[in-house]
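Have a look at the structure below, then the notes.
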Amino acid sequence: MMVPYDQRWGLLATFSAGFIYKDGKNSCADNGLTNEPLQNGNATLVGYKDGRVGIVEWSGGPNAGPNLAWARQSLPPIIWNGKLNPALNDSSQRGYTLSNAVRAWRTGVGIDRRGNLIIAAADFQTVITLAQILQRAGAVRAMQFDINREWHTLITYTIATVSSRRSSSASRSSRHPLPRPRRPRLPRRLPAPAGPDHRPIQAAAPCSETAR
């Protein structure tokens, strides 16, 4: 799936989502539409209508409810209240890797105590080491998203101002209707935990990932 060009003007970032419904009953909801029944107990990345983003252990029944703009589930949490889930040694609950590799590309999403969103993607990881990366980055709640090398993504976008969009709309070519997305250069070392001057980013629509 691709974010339409005419909807990218306010987009900050997109990243890979979690397992689909048949792989652990991981549901998603968007703009009041619940695609499959949400499952109690699953870690759920949620976007509130006031713009906040959070991770909850879902207990609200099959529907997202009126306060959420969207919700995306992906297995039980890997970090809760700052501590690693003690059940992480049970790899059967965390998806299959290509060629049954012990270590593989894994992605995860966390929330720190200030509400900042943390995204991690790293190769040669188990679910435990992924959780440790997010914990070291300051996550107090976290969940695993996609695994294996085919599906890990993190793309950031340049935001055009309203005035620049209006002034350039007449001369914009059909090949470049809006600024092109750019891939970030990932740091070699883990950055320090987010400080008070960091702000959470808004995630893209969580139900638009390609099914596997």
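In the structure tokens, chains take letters A, B, ... by order of appearance, with residues numbered from 1 within each chain and ligands from 1 in the order shown.
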
Determine, using only C-alpha atoms, which residues of range 57-142 of chain A have any atom at most 8 Å from an atom of range 151-161 of chain A, and tabulate each with its shortest atom pair and distance in Å to one decimal place, rows ordered by chain and then rising number, as a tab-separated table.
residue	atom	partner	partner_atom	distance
A:Trp105	CA	A:His152	CA	7.3
A:Arg106	CA	A:His152	CA	7.2
A:Thr107	CA	A:His152	CA	6.4
A:Ala121	CA	A:His152	CA	6.9

(message) What parts of range 15-134 of chain A does DSSP call strand (DSSP E or B)? I'd like the answer as a ChimeraX atom specification.
(response) /A:15,28-30,33-34,43-48,53-57,68-73,79-80,83-84,104-112,117-125

(request) Do a neighbour search on range 122-133 of chain A at 9 Å with only C-alpha atoms, toss out local chain neighbours closer than 6 positions, and write the hits as a ChimeraX atom specification. (result) /A:78-79,84-85,88-89,91,94,102-108,139,142-144,148-149,152,190

Write the residues of the preceding selection, restricted to C-alpha atoms, as a tab-separated table (two decimals), in the first residue's frame.
chain	number	residue	atom	x	y	z
A	78	ILE	CA	6.95	-7.08	25.34
A	79	ILE	CA	7.48	-4.29	27.92
A	84	LEU	CA	10.31	-6.98	30.15
A	85	ASN	CA	7.43	-9.42	29.80
A	88	LEU	CA	9.32	-13.52	26.13
A	89	ASN	CA	11.28	-16.80	26.24
A	91	SER	CA	9.26	-17.78	21.03
A	94	ARG	CA	6.22	-14.19	18.75
A	102	VAL	CA	17.11	-17.68	15.83
A	103	ARG	CA	17.96	-14.03	15.18
A	104	ALA	CA	16.32	-11.90	12.51
A	105	TRP	CA	15.23	-8.39	11.60
A	106	ARG	CA	12.68	-7.25	14.16
A	107	THR	CA	10.79	-4.02	14.65
A	108	GLY	CA	9.03	-2.67	17.68
A	139	ALA	CA	10.23	2.71	26.67
A	142	ALA	CA	6.35	-1.63	24.07
A	143	MET	CA	5.13	-4.14	21.52
A	144	GLN	CA	6.71	-6.12	18.71
A	148	ASN	CA	12.01	-10.66	8.94
A	149	ARG	CA	13.91	-8.55	6.46
A	152	HIS	CA	10.84	-3.58	8.28
A	190	LEU	CA	21.28	3.71	20.03

(message) Can you pull out the residues contacting range 20-35 of chain A? Cut-off 6 Å, using only C-alpha atoms, and skip same-chain residues under 4 positions away; I want them as a VMD selection string.
(response) chain A and resid 69 to 74 207

(message) List the spatial neighbours of range 42-44 of chain A as a PyMOL selection string - criterion: any atom at most 6 Å away, only C-alpha atoms, same-chain residues fewer than 5 positions off excluded.
(response) chain A and resi 55-58+72-77

Include N, CA and C atoms and write out the residues we just selected as a JSON list (two decimals), in the first residue's frame.
[["chain", "number", "residue", "atom", "x", "y", "z"],
["A", 55, "ILE", "N", 0.19, 3.13, 23.98],
["A", 55, "ILE", "CA", 0.15, 1.66, 23.91],
["A", 55, "ILE", "C", -0.64, 1.17, 25.10],
["A", 56, "VAL", "N", -1.66, 0.37, 24.84],
["A", 56, "VAL", "CA", -2.50, -0.17, 25.91],
["A", 56, "VAL", "C", -2.55, -1.68, 25.78],
["A", 57, "GLU", "N", -2.83, -2.34, 26.90],
["A", 57, "GLU", "CA", -3.16, -3.77, 26.86],
["A", 57, "GLU", "C", -4.68, -3.83, 26.74],
["A", 58, "TRP", "N", -5.16, -4.20, 25.58],
["A", 58, "TRP", "CA", -6.55, -3.98, 25.23],
["A", 58, "TRP", "C", -7.49, -4.75, 26.16],
["A", 72, "ARG", "N", -4.15, -0.45, 16.45],
["A", 72, "ARG", "CA", -3.45, -1.54, 15.75],
["A", 72, "ARG", "C", -2.88, -2.49, 16.79],
["A", 73, "GLN", "N", -3.32, -3.76, 16.72],
["A", 73, "GLN", "CA", -2.87, -4.76, 17.68],
["A", 73, "GLN", "C", -1.72, -5.59, 17.11],
["A", 74, "SER", "N", -0.88, -6.11, 18.02],
["A", 74, "SER", "CA", 0.19, -7.01, 17.60],
["A", 74, "SER", "C", 0.72, -7.80, 18.80],
["A", 75, "LEU", "N", 0.05, -8.90, 19.12],
["A", 75, "LEU", "CA", 0.50, -9.83, 20.15],
["A", 75, "LEU", "C", 0.52, -9.17, 21.54],
["A", 76, "PRO", "N", 0.78, -9.93, 22.59],
["A", 76, "PRO", "CA", 0.89, -9.34, 23.94],
["A", 76, "PRO", "C", 2.09, -8.40, 24.04],
["A", 77, "PRO", "N", 2.09, -7.48, 24.99],
["A", 77, "PRO", "CA", 3.19, -6.52, 25.11],
["A", 77, "PRO", "C", 4.51, -7.20, 25.43]]

(request) Could you check which of A:Ile118, A:Met2, A:Leu45, A:Val140 is closest to Ala17 in chain A, using only C-alpha atoms? (result) A:Leu45

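Each of A:Gly60, A:Ser16, A:Asn67, A:Arg141 was checked against Tyr48 in chain A using only C-alpha atoms; the smallest atom-to-atom distance is that of A:Asn67.
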
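Straight-line separation from CA of Gly115 in chain A to CA of Leu134 in chain A: 13.9 Å.
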